[in-house]
>>> print(open('structure.cif').read())   # mmCIF, C-alpha atoms and all ligand atoms
data_entry
#
loop_
_atom_site.group_PDB
_atom_site.id
_atom_site.type_symbol
_atom_site.label_atom_id
_atom_site.label_comp_id
_atom_site.auth_asym_id
_atom_site.auth_seq_id
_atom_site.Cartn_x
_atom_site.Cartn_y
_atom_site.Cartn_z
ATOM 1 C CA MET A 5 -16.786 -17.469 -2.629
ATOM 2 C CA HIS A 6 -13.811 -16.834 -0.323
ATOM 3 C CA ILE A 7 -10.236 -15.885 -1.107
ATOM 4 C CA LEU A 8 -7.913 -17.904 1.130
ATOM 5 C CA THR A 9 -4.176 -18.337 1.561
ATOM 6 C CA PRO A 10 -3.105 -21.971 1.077
ATOM 7 C CA GLU A 11 -1.489 -23.152 4.300
ATOM 8 C CA THR A 12 -1.417 -26.923 4.692
ATOM 9 C CA ALA A 13 0.276 -29.513 2.479
ATOM 10 C CA GLU A 14 -3.207 -30.565 1.339
ATOM 11 C CA ASP A 15 -4.095 -26.949 0.410
ATOM 12 C CA PHE A 16 -0.924 -26.662 -1.681
ATOM 13 C CA GLU A 17 -1.516 -30.020 -3.348
ATOM 14 C CA ARG A 18 -4.956 -28.860 -4.540
ATOM 15 C CA TYR A 19 -3.621 -25.399 -5.389
ATOM 16 C CA PHE A 20 -0.840 -26.707 -7.670
ATOM 17 C CA ALA A 21 -3.106 -29.394 -9.142
ATOM 18 C CA LEU A 22 -5.547 -26.724 -10.366
ATOM 19 C CA ARG A 23 -2.707 -24.586 -11.719
ATOM 20 C CA TRP A 24 -1.355 -27.608 -13.624
ATOM 21 C CA ARG A 25 -4.758 -28.719 -14.943
ATOM 22 C CA ILE A 26 -5.581 -25.298 -16.412
ATOM 23 C CA LEU A 27 -2.180 -23.962 -17.463
ATOM 24 C CA ARG A 28 -0.025 -27.015 -18.260
ATOM 25 C CA GLN A 29 -1.957 -30.265 -18.834
ATOM 26 C CA PRO A 30 -3.681 -29.089 -22.072
ATOM 27 C CA TRP A 31 -0.207 -28.694 -23.624
ATOM 28 C CA GLY A 32 0.953 -32.150 -22.515
ATOM 29 C CA GLN A 33 3.274 -30.796 -19.827
ATOM 30 C CA PRO A 34 4.175 -33.074 -16.888
ATOM 31 C CA LEU A 35 3.222 -32.557 -13.254
ATOM 32 C CA GLY A 36 5.827 -30.259 -11.728
ATOM 33 C CA SER A 37 6.020 -28.052 -14.832
ATOM 34 C CA GLU A 38 3.485 -25.741 -13.179
ATOM 35 C CA ARG A 39 6.036 -24.642 -10.538
ATOM 36 C CA ASP A 40 9.130 -22.450 -10.618
ATOM 37 C CA THR A 41 11.934 -21.552 -8.228
ATOM 38 C CA LEU A 42 10.054 -18.634 -6.608
ATOM 39 C CA GLU A 43 7.204 -20.549 -4.946
ATOM 40 C CA THR A 44 8.582 -20.203 -1.418
ATOM 41 C CA GLN A 45 9.201 -16.464 -1.893
ATOM 42 C CA SER A 46 5.728 -15.761 -3.306
ATOM 43 C CA TRP A 47 2.253 -14.857 -2.065
ATOM 44 C CA HIS A 48 -0.361 -17.447 -3.014
ATOM 45 C CA ARG A 49 -4.142 -17.106 -3.002
ATOM 46 C CA MET A 50 -6.962 -19.494 -3.827
ATOM 47 C CA ALA A 51 -10.638 -18.802 -4.429
ATOM 48 C CA CYS A 52 -12.862 -21.397 -2.756
ATOM 49 C CA VAL A 53 -16.580 -22.021 -2.938
ATOM 50 C CA GLU A 54 -16.642 -25.140 -0.823
ATOM 51 C CA GLU A 55 -14.369 -25.264 2.205
ATOM 52 C CA ARG A 56 -10.724 -25.067 1.012
ATOM 53 C CA ILE A 57 -11.423 -26.583 -2.424
ATOM 54 C CA PRO A 58 -9.885 -24.100 -4.891
ATOM 55 C CA VAL A 59 -11.783 -23.106 -8.035
ATOM 56 C CA GLY A 60 -9.258 -20.377 -8.849
ATOM 57 C CA VAL A 61 -5.605 -19.763 -7.993
ATOM 58 C CA ALA A 62 -3.066 -16.954 -8.452
ATOM 59 C CA ARG A 63 0.417 -15.953 -7.303
ATOM 60 C CA LEU A 64 2.374 -12.747 -6.710
ATOM 61 C CA HIS A 65 6.103 -12.214 -6.225
ATOM 62 C CA LEU A 66 8.374 -9.170 -6.071
ATOM 63 C CA ASN A 67 10.831 -8.526 -8.923
ATOM 64 C CA ASN A 68 12.279 -5.655 -6.861
ATOM 65 C CA PRO A 69 10.905 -3.487 -4.002
ATOM 66 C CA GLU A 70 8.899 -1.324 -6.422
ATOM 67 C CA GLN A 71 7.627 -3.934 -8.844
ATOM 68 C CA ALA A 72 5.431 -6.971 -8.183
ATOM 69 C CA GLN A 73 4.538 -9.643 -10.737
ATOM 70 C CA ILE A 74 1.383 -11.729 -11.012
ATOM 71 C CA ARG A 75 1.802 -15.247 -12.411
ATOM 72 C CA TYR A 76 -0.200 -18.442 -12.771
ATOM 73 C CA MET A 77 -3.758 -17.075 -12.695
ATOM 74 C CA ALA A 78 -6.068 -20.008 -13.371
ATOM 75 C CA VAL A 79 -9.801 -20.463 -12.893
ATOM 76 C CA GLU A 80 -11.659 -23.792 -13.255
ATOM 77 C CA HIS A 81 -13.221 -23.958 -16.765
ATOM 78 C CA ASP A 82 -16.806 -24.186 -15.540
ATOM 79 C CA ARG A 83 -16.249 -21.304 -13.102
ATOM 80 C CA GLN A 84 -14.825 -18.784 -15.568
ATOM 81 C CA ARG A 85 -16.592 -15.464 -16.241
ATOM 82 C CA GLN A 86 -18.114 -15.416 -12.750
ATOM 83 C CA GLY A 87 -15.843 -12.774 -11.252
ATOM 84 C CA ILE A 88 -13.381 -15.181 -9.632
ATOM 85 C CA GLY A 89 -10.377 -13.970 -11.646
ATOM 86 C CA VAL A 90 -11.128 -10.348 -10.746
ATOM 87 C CA ALA A 91 -11.451 -11.215 -7.040
ATOM 88 C CA LEU A 92 -8.081 -13.009 -7.077
ATOM 89 C CA ALA A 93 -6.305 -10.233 -8.983
ATOM 90 C CA LEU A 94 -7.694 -7.509 -6.695
ATOM 91 C CA GLU A 95 -6.555 -9.483 -3.652
ATOM 92 C CA LEU A 96 -3.025 -9.769 -5.081
ATOM 93 C CA GLU A 97 -3.033 -6.039 -5.879
ATOM 94 C CA LYS A 98 -3.876 -5.420 -2.225
ATOM 95 C CA VAL A 99 -0.920 -7.594 -1.194
ATOM 96 C CA ALA A 100 1.364 -5.739 -3.616
ATOM 97 C CA ARG A 101 0.326 -2.363 -2.145
ATOM 98 C CA LEU A 102 0.940 -3.624 1.395
ATOM 99 C CA LEU A 103 4.399 -4.750 0.295
ATOM 100 C CA GLY A 104 5.064 -1.219 -0.942
ATOM 101 C CA ALA A 105 5.118 -1.956 -4.677
ATOM 102 C CA ASP A 106 4.293 0.860 -7.101
ATOM 103 C CA GLU A 107 3.347 -1.288 -10.067
ATOM 104 C CA ILE A 108 2.427 -4.768 -11.204
ATOM 105 C CA VAL A 109 3.805 -6.424 -14.315
ATOM 106 C CA LEU A 110 2.583 -9.657 -15.878
ATOM 107 C CA HIS A 111 2.822 -11.679 -19.060
ATOM 108 C CA ALA A 112 -0.672 -12.285 -20.439
ATOM 109 C CA ARG A 113 -1.656 -14.998 -22.857
ATOM 110 C CA ASP A 114 -3.348 -13.487 -25.936
ATOM 111 C CA ASP A 115 -6.666 -15.003 -24.783
ATOM 112 C CA SER A 116 -6.530 -13.263 -21.410
ATOM 113 C CA ILE A 117 -5.485 -9.742 -22.482
ATOM 114 C CA GLY A 118 -9.142 -8.599 -22.350
ATOM 115 C CA PHE A 119 -9.414 -9.819 -18.769
ATOM 116 C CA TYR A 120 -6.382 -7.818 -17.640
ATOM 117 C CA GLU A 121 -7.494 -4.727 -19.607
ATOM 118 C CA HIS A 122 -10.782 -4.947 -17.703
ATOM 119 C CA LEU A 123 -8.665 -4.592 -14.526
ATOM 120 C CA GLY A 124 -6.740 -1.572 -15.828
ATOM 121 C CA TYR A 125 -3.578 -3.281 -17.124
ATOM 122 C CA ARG A 126 -2.109 -2.022 -20.384
ATOM 123 C CA VAL A 127 0.013 -3.887 -22.943
ATOM 124 C CA THR A 128 3.548 -2.482 -23.014
ATOM 125 C CA ALA A 129 5.484 -4.973 -25.169
ATOM 126 C CA PRO A 130 5.366 -8.372 -26.807
ATOM 127 C CA ALA A 131 6.692 -11.131 -24.532
ATOM 128 C CA HIS A 132 7.623 -14.806 -24.881
ATOM 129 C CA THR A 133 5.794 -17.568 -26.766
ATOM 130 C CA LEU A 134 5.214 -20.636 -24.570
ATOM 131 C CA TYR A 135 5.464 -24.140 -26.102
ATOM 132 C CA GLU A 136 5.847 -22.460 -29.523
ATOM 133 C CA THR A 137 2.118 -21.668 -29.567
ATOM 134 C CA ILE A 138 0.925 -19.492 -26.668
ATOM 135 C CA ARG A 139 1.842 -15.890 -27.393
ATOM 136 C CA HIS A 140 2.228 -13.545 -24.423
ATOM 137 C CA SER A 141 2.238 -9.773 -24.021
ATOM 138 C CA GLU A 142 3.814 -7.803 -21.220
ATOM 139 C CA MET A 143 1.232 -5.725 -19.345
ATOM 140 C CA HIS A 144 1.594 -3.129 -16.572
ATOM 141 C CA LYS A 145 -0.614 -1.436 -14.012
ATOM 142 C CA ARG A 146 0.413 1.446 -11.743
ATOM 143 C CA LEU A 147 -0.805 0.954 -8.174
ATOM 144 C CA ARG A 148 -0.445 4.543 -6.933
HETATM 145 C C1 LIG B 201 -8.148 -15.429 -17.597
HETATM 146 C C2 LIG B 201 -8.889 -15.915 -16.359
HETATM 147 C C3 LIG B 201 -7.935 -16.004 -15.174
HETATM 148 C C4 LIG B 201 -10.007 -14.888 -16.046
HETATM 149 O O1 LIG B 201 -10.720 -15.304 -14.885
HETATM 150 P P1 LIG B 201 -12.318 -15.274 -14.850
HETATM 151 O O2 LIG B 201 -12.748 -15.656 -13.487
HETATM 152 O O3 LIG B 201 -12.837 -16.110 -15.975
HETATM 153 O O4 LIG B 201 -12.616 -13.759 -15.168
HETATM 154 P P2 LIG B 201 -13.747 -12.803 -14.532
HETATM 155 O O5 LIG B 201 -15.060 -13.511 -14.525
HETATM 156 O O6 LIG B 201 -13.274 -12.293 -13.221
HETATM 157 O O7 LIG B 201 -13.737 -11.665 -15.659
HETATM 158 C C5 LIG B 201 -14.112 -10.363 -15.400
HETATM 159 C C6 LIG B 201 -14.149 -9.586 -16.684
HETATM 160 O O8 LIG B 201 -12.914 -9.660 -17.388
HETATM 161 C C7 LIG B 201 -13.163 -9.719 -18.794
HETATM 162 N N1 LIG B 201 -12.732 -11.033 -19.296
HETATM 163 C C8 LIG B 201 -12.611 -12.191 -18.602
HETATM 164 N N2 LIG B 201 -12.088 -13.166 -19.365
HETATM 165 C C9 LIG B 201 -11.911 -12.601 -20.582
HETATM 166 C C10 LIG B 201 -11.402 -13.092 -21.799
HETATM 167 N N3 LIG B 201 -10.965 -14.354 -21.932
HETATM 168 N N4 LIG B 201 -11.359 -12.248 -22.865
HETATM 169 C C11 LIG B 201 -11.789 -10.972 -22.748
HETATM 170 N N5 LIG B 201 -12.252 -10.440 -21.583
HETATM 171 C C12 LIG B 201 -12.318 -11.247 -20.536
HETATM 172 C C13 LIG B 201 -14.670 -9.554 -18.975
HETATM 173 O O9 LIG B 201 -14.932 -8.157 -19.114
HETATM 174 C C14 LIG B 201 -15.187 -10.074 -17.668
HETATM 175 O O10 LIG B 201 -16.422 -9.535 -17.329
HETATM 176 P P3 LIG B 201 -17.786 -10.171 -17.966
HETATM 177 O O11 LIG B 201 -17.709 -11.673 -17.782
HETATM 178 O O12 LIG B 201 -18.858 -9.521 -17.140
HETATM 179 O O13 LIG B 201 -17.785 -9.775 -19.404
HETATM 180 C C15 LIG B 201 -9.582 -17.286 -16.587
HETATM 181 O O14 LIG B 201 -10.471 -17.183 -17.658
HETATM 182 C C16 LIG B 201 -8.618 -18.433 -16.859
HETATM 183 O O15 LIG B 201 -8.174 -19.109 -15.930
HETATM 184 N N6 LIG B 201 -8.296 -18.674 -18.146
HETATM 185 C C17 LIG B 201 -7.446 -19.796 -18.528
HETATM 186 C C18 LIG B 201 -6.022 -19.651 -18.024
HETATM 187 C C19 LIG B 201 -5.385 -18.337 -18.403
HETATM 188 O O16 LIG B 201 -5.408 -17.914 -19.547
HETATM 189 N N7 LIG B 201 -4.788 -17.687 -17.386
HETATM 190 C C20 LIG B 201 -4.107 -16.443 -17.567
HETATM 191 C C21 LIG B 201 -2.684 -16.736 -17.903
HETATM 192 S S1 LIG B 201 -1.841 -15.243 -18.353
#
>>> encode(input="structure.cif", output="structure tokens")
Amino acid sequence: MHILTPETAEDFERYFALRWRILRQPWGQPLGSERDTLETQSWHRMACVEERIPVGVARLHLNNPEQAQIRYMAVEHDRQRQGIGVALALELEKVARLLGADEIVLHARDDSIGFYEHLGYRVTAPAHTLYETIRHSEMHKRLR
């Protein structure tokens, strides 16, 4: 498995398609709902087994010079629990350190809190509820 940066239009098409399929389609959300206004100011990574076919995706952006945020972590259903999520998160933590950030914040779905705790993130506050059903918690990790 390799962690790559999506570069071409085809890479990004596959990257966003996976994000949508895992994080939006199950809740009946349309194509496009998987993106926000920060895509061009973010760092994107995809985990690939075959050449440039993503089986996992994740994004990082800066909220301010000290704080980075991870969003849109998604791993193909039949590839979960194989270490792909950890590899993506560690790669984004590396990017955050290179950017000079001191901490990472994220909003975890209830189902994924255990995954982020495994990586050393701690719940700090309740966060939003998406589509009136998916509860989130704010989690933090210090990088230094
Ligand atoms: C959450 C997600 C990104 C984790 O990626 P993954 O590749 O499945 O996770 P990993 O295999 O790297 O997990 C490593 C460890 O984290 C922990 N972990 C992973 N998923 C977990 C879960 N759902 N609950 C509790 N602990 C979990 C386990 O300790 C696991 O090690 P183990 O399999 O040896 O027990 C992935 O399951 C996913 O895409 N889920 C659906 C979308 C989602 O919820 N995204 C997060 C939005 S906030």
>>> residues_near_point(input="structure.cif", point="(-3.8, -16.5, -3.4)", cutoff="6 Å", atoms="all atoms listed in the file", output="PyMOL selection string")
chain A and resi 9+48-50+61-63
>>> write_last_selection(input="structure.cif", atoms="C-alpha atoms", output="short mmCIF file (atom, residue, chain, number, x, y, z; two decimals), in the coordinates of the input")
data_model
loop_
_atom_site.label_atom_id
_atom_site.label_comp_id
_atom_site.auth_asym_id
_atom_site.auth_seq_id
_atom_site.Cartn_x
_atom_site.Cartn_y
_atom_site.Cartn_z
CA THR A 9 -4.18 -18.34 1.56
CA HIS A 48 -0.36 -17.45 -3.01
CA ARG A 49 -4.14 -17.11 -3.00
CA MET A 50 -6.96 -19.49 -3.83
CA VAL A 61 -5.60 -19.76 -7.99
CA ALA A 62 -3.07 -16.95 -8.45
CA ARG A 63 0.42 -15.95 -7.30
#
>>> closest_residue(input="structure.cif", among="A:Thr128, A:Gln33, A:Ser46, A:Thr41", to="A:Ile74", atoms="only C-alpha atoms")
A:Ser46
>>> resolve_selection(input="structure.cif", expression="the PyMOL selection byres (((chain A and resi 97) around 10) and not hetatm)", output="number ranges by chain")
A: 64, 72-74, 91-96, 98-103, 105, 107-108, 145, 147
>>> residues_near_ligand(input="structure.cif", ligand="ligand LIG 201 (chain B)", cutoff="7 Å", atoms="all atoms listed in the file", output="PDB file with C-alpha atoms, in the frame of the given file")
ATOM      1  CA  ILE A  26      -5.581 -25.298 -16.412  1.00  0.00           C
ATOM      2  CA  LEU A  27      -2.180 -23.962 -17.463  1.00  0.00           C
ATOM      3  CA  ARG A  75       1.802 -15.247 -12.411  1.00  0.00           C
ATOM      4  CA  TYR A  76      -0.200 -18.442 -12.771  1.00  0.00           C
ATOM      5  CA  MET A  77      -3.758 -17.075 -12.695  1.00  0.00           C
ATOM      6  CA  ALA A  78      -6.068 -20.008 -13.371  1.00  0.00           C
ATOM      7  CA  VAL A  79      -9.801 -20.463 -12.893  1.00  0.00           C
ATOM      8  CA  GLU A  80     -11.659 -23.792 -13.255  1.00  0.00           C
ATOM      9  CA  ARG A  83     -16.249 -21.304 -13.102  1.00  0.00           C
ATOM     10  CA  GLN A  84     -14.825 -18.784 -15.568  1.00  0.00           C
ATOM     11  CA  ARG A  85     -16.592 -15.464 -16.241  1.00  0.00           C
ATOM     12  CA  GLN A  86     -18.114 -15.416 -12.750  1.00  0.00           C
ATOM     13  CA  GLY A  87     -15.843 -12.774 -11.252  1.00  0.00           C
ATOM     14  CA  ILE A  88     -13.381 -15.181  -9.632  1.00  0.00           C
ATOM     15  CA  GLY A  89     -10.377 -13.970 -11.646  1.00  0.00           C
ATOM     16  CA  VAL A  90     -11.128 -10.348 -10.746  1.00  0.00           C
ATOM     17  CA  ALA A  91     -11.451 -11.215  -7.040  1.00  0.00           C
ATOM     18  CA  HIS A 111       2.822 -11.679 -19.060  1.00  0.00           C
ATOM     19  CA  ALA A 112      -0.672 -12.285 -20.439  1.00  0.00           C
ATOM     20  CA  ARG A 113      -1.656 -14.998 -22.857  1.00  0.00           C
ATOM     21  CA  ASP A 115      -6.666 -15.003 -24.783  1.00  0.00           C
ATOM     22  CA  SER A 116      -6.530 -13.263 -21.410  1.00  0.00           C
ATOM     23  CA  ILE A 117      -5.485  -9.742 -22.482  1.00  0.00           C
ATOM     24  CA  GLY A 118      -9.142  -8.599 -22.350  1.00  0.00           C
ATOM     25  CA  PHE A 119      -9.414  -9.819 -18.769  1.00  0.00           C
ATOM     26  CA  TYR A 120      -6.382  -7.818 -17.640  1.00  0.00           C
ATOM     27  CA  HIS A 122     -10.782  -4.947 -17.703  1.00  0.00           C
TER      28      HIS A 122
END
>>> closest_residue(input="structure.cif", among="A:Asp106, A:Glu14, A:Asp82, A:Asp40", to="A:Pro69", atoms="all atoms listed in the file")
A:Asp106
>>> atom_distance(input="structure.cif", atom1="atom CA of A:His65", atom2="atom CA of A:Tyr135")
23.2 Å
>>> residues_around(input="structure.cif", residues="stretch 131-133 of chain A", least_positions_apart="4", cutoff="12 Å", atoms="only C-alpha atoms", output="PyMOL selection string")
chain A and resi 109-114+127+137-143
>>> atom_distance(input="structure.cif", atom1="atom CA of A:Arg25", atom2="atom CA of A:Ile57")
14.3 Å
>>> atom_distance(input="structure.cif", atom1="atom CA of A:Ile7", atom2="atom CA of A:Leu66")
20.4 Å
>>> closest_residue(input="structure.cif", among="A:Arg148, A:Pro130, A:Glu38, A:Asn67", to="A:Glu17", atoms="only C-alpha atoms")
A:Glu38
>>> closest_residue(input="structure.cif", among="A:Arg23, A:Arg126, A:Arg146, A:His6", to="A:Arg39", atoms="only C-alpha atoms")
A:Arg23
>>> resolve_selection(input="structure.cif", expression="the PyMOL selection byres (((chain A and resi 55) around 12) and not hetatm)", output="PyMOL selection string")
chain A and resi 5-8+10+15+50-54+56-59
>>> write_last_selection(input="structure.cif", atoms="C-alpha atoms", output="PDB file, in the coordinates of the input")
ATOM      1  CA  MET A   5     -16.786 -17.469  -2.629  1.00  0.00           C
ATOM      2  CA  HIS A   6     -13.811 -16.834  -0.323  1.00  0.00           C
ATOM      3  CA  ILE A   7     -10.236 -15.885  -1.107  1.00  0.00           C
ATOM      4  CA  LEU A   8      -7.913 -17.904   1.130  1.00  0.00           C
ATOM      5  CA  PRO A  10      -3.105 -21.971   1.077  1.00  0.00           C
ATOM      6  CA  ASP A  15      -4.095 -26.949   0.410  1.00  0.00           C
ATOM      7  CA  MET A  50      -6.962 -19.494  -3.827  1.00  0.00           C
ATOM      8  CA  ALA A  51     -10.638 -18.802  -4.429  1.00  0.00           C
ATOM      9  CA  CYS A  52     -12.862 -21.397  -2.756  1.00  0.00           C
ATOM     10  CA  VAL A  53     -16.580 -22.021  -2.938  1.00  0.00           C
ATOM     11  CA  GLU A  54     -16.642 -25.140  -0.823  1.00  0.00           C
ATOM     12  CA  ARG A  56     -10.724 -25.067   1.012  1.00  0.00           C
ATOM     13  CA  ILE A  57     -11.423 -26.583  -2.424  1.00  0.00           C
ATOM     14  CA  PRO A  58      -9.885 -24.100  -4.891  1.00  0.00           C
ATOM     15  CA  VAL A  59     -11.783 -23.106  -8.035  1.00  0.00           C
TER      16      VAL A  59
END
>>> build_atoms(input="structure.cif", residues="stretch 48-72 of chain A", atoms="N, CA and C atoms", output="PDB file, in the coordinates of the input")
ATOM      1  N   HIS A  48       0.584 -16.586  -2.300  1.00  0.00           N
ATOM      2  CA  HIS A  48      -0.361 -17.447  -3.014  1.00  0.00           C
ATOM      3  C   HIS A  48      -1.779 -17.200  -2.493  1.00  0.00           C
ATOM      4  N   ARG A  49      -2.742 -17.219  -3.411  1.00  0.00           N
ATOM      5  CA  ARG A  49      -4.142 -17.106  -3.002  1.00  0.00           C
ATOM      6  C   ARG A  49      -4.986 -18.099  -3.791  1.00  0.00           C
ATOM      7  N   MET A  50      -6.033 -18.617  -3.125  1.00  0.00           N
ATOM      8  CA  MET A  50      -6.962 -19.494  -3.827  1.00  0.00           C
ATOM      9  C   MET A  50      -8.395 -19.052  -3.536  1.00  0.00           C
ATOM     10  N   ALA A  51      -9.218 -19.119  -4.575  1.00  0.00           N
ATOM     11  CA  ALA A  51     -10.638 -18.802  -4.429  1.00  0.00           C
ATOM     12  C   ALA A  51     -11.370 -20.112  -4.193  1.00  0.00           C
ATOM     13  N   CYS A  52     -12.175 -20.157  -3.116  1.00  0.00           N
ATOM     14  CA  CYS A  52     -12.862 -21.397  -2.756  1.00  0.00           C
ATOM     15  C   CYS A  52     -14.361 -21.141  -2.643  1.00  0.00           C
ATOM     16  N   VAL A  53     -15.135 -22.088  -3.122  1.00  0.00           N
ATOM     17  CA  VAL A  53     -16.580 -22.021  -2.938  1.00  0.00           C
ATOM     18  C   VAL A  53     -16.925 -22.952  -1.784  1.00  0.00           C
ATOM     19  N   GLU A  54     -16.557 -24.231  -1.969  1.00  0.00           N
ATOM     20  CA  GLU A  54     -16.642 -25.140  -0.823  1.00  0.00           C
ATOM     21  C   GLU A  54     -15.401 -24.913   0.035  1.00  0.00           C
ATOM     22  N   GLU A  55     -15.473 -25.400   1.257  1.00  0.00           N
ATOM     23  CA  GLU A  55     -14.369 -25.264   2.205  1.00  0.00           C
ATOM     24  C   GLU A  55     -13.023 -25.704   1.617  1.00  0.00           C
ATOM     25  N   ARG A  56     -12.116 -24.810   1.403  1.00  0.00           N
ATOM     26  CA  ARG A  56     -10.724 -25.067   1.012  1.00  0.00           C
ATOM     27  C   ARG A  56     -10.549 -25.914  -0.247  1.00  0.00           C
ATOM     28  N   ILE A  57     -11.570 -25.934  -1.115  1.00  0.00           N
ATOM     29  CA  ILE A  57     -11.423 -26.583  -2.424  1.00  0.00           C
ATOM     30  C   ILE A  57     -11.277 -25.460  -3.458  1.00  0.00           C
ATOM     31  N   PRO A  58     -10.072 -25.253  -4.009  1.00  0.00           N
ATOM     32  CA  PRO A  58      -9.885 -24.100  -4.891  1.00  0.00           C
ATOM     33  C   PRO A  58     -10.590 -24.253  -6.246  1.00  0.00           C
ATOM     34  N   VAL A  59     -11.232 -23.164  -6.671  1.00  0.00           N
ATOM     35  CA  VAL A  59     -11.783 -23.106  -8.035  1.00  0.00           C
ATOM     36  C   VAL A  59     -11.021 -22.058  -8.851  1.00  0.00           C
ATOM     37  N   GLY A  60     -10.111 -21.343  -8.179  1.00  0.00           N
ATOM     38  CA  GLY A  60      -9.258 -20.377  -8.849  1.00  0.00           C
ATOM     39  C   GLY A  60      -7.999 -20.183  -8.021  1.00  0.00           C
ATOM     40  N   VAL A  61      -6.881 -19.955  -8.703  1.00  0.00           N
ATOM     41  CA  VAL A  61      -5.605 -19.763  -7.993  1.00  0.00           C
ATOM     42  C   VAL A  61      -4.806 -18.639  -8.656  1.00  0.00           C
ATOM     43  N   ALA A  62      -3.905 -18.023  -7.903  1.00  0.00           N
ATOM     44  CA  ALA A  62      -3.066 -16.954  -8.452  1.00  0.00           C
ATOM     45  C   ALA A  62      -1.892 -16.702  -7.509  1.00  0.00           C
ATOM     46  N   ARG A  63      -0.811 -16.164  -8.086  1.00  0.00           N
ATOM     47  CA  ARG A  63       0.417 -15.953  -7.303  1.00  0.00           C
ATOM     48  C   ARG A  63       1.013 -14.585  -7.590  1.00  0.00           C
ATOM     49  N   LEU A  64       1.669 -14.025  -6.563  1.00  0.00           N
ATOM     50  CA  LEU A  64       2.374 -12.747  -6.710  1.00  0.00           C
ATOM     51  C   LEU A  64       3.781 -12.897  -6.151  1.00  0.00           C
ATOM     52  N   HIS A  65       4.766 -12.315  -6.825  1.00  0.00           N
ATOM     53  CA  HIS A  65       6.103 -12.214  -6.225  1.00  0.00           C
ATOM     54  C   HIS A  65       6.658 -10.823  -6.514  1.00  0.00           C
ATOM     55  N   LEU A  66       7.737 -10.468  -5.840  1.00  0.00           N
ATOM     56  CA  LEU A  66       8.374  -9.170  -6.071  1.00  0.00           C
ATOM     57  C   LEU A  66       9.571  -9.345  -6.997  1.00  0.00           C
ATOM     58  N   ASN A  67       9.629  -8.548  -8.063  1.00  0.00           N
ATOM     59  CA  ASN A  67      10.831  -8.526  -8.923  1.00  0.00           C
ATOM     60  C   ASN A  67      11.882  -7.622  -8.306  1.00  0.00           C
ATOM     61  N   ASN A  68      11.432  -6.578  -7.625  1.00  0.00           N
ATOM     62  CA  ASN A  68      12.279  -5.655  -6.861  1.00  0.00           C
ATOM     63  C   ASN A  68      11.325  -4.916  -5.915  1.00  0.00           C
ATOM     64  N   PRO A  69      11.821  -4.077  -5.007  1.00  0.00           N
ATOM     65  CA  PRO A  69      10.905  -3.487  -4.002  1.00  0.00           C
ATOM     66  C   PRO A  69       9.752  -2.688  -4.611  1.00  0.00           C
ATOM     67  N   GLU A  70       9.940  -2.162  -5.820  1.00  0.00           N
ATOM     68  CA  GLU A  70       8.899  -1.324  -6.422  1.00  0.00           C
ATOM     69  C   GLU A  70       7.946  -2.100  -7.321  1.00  0.00           C
ATOM     70  N   GLN A  71       8.420  -3.245  -7.814  1.00  0.00           N
ATOM     71  CA  GLN A  71       7.627  -3.934  -8.844  1.00  0.00           C
ATOM     72  C   GLN A  71       7.247  -5.359  -8.436  1.00  0.00           C
ATOM     73  N   ALA A  72       5.921  -5.608  -8.441  1.00  0.00           N
ATOM     74  CA  ALA A  72       5.431  -6.971  -8.183  1.00  0.00           C
ATOM     75  C   ALA A  72       5.010  -7.604  -9.510  1.00  0.00           C
TER      76      ALA A  72
END
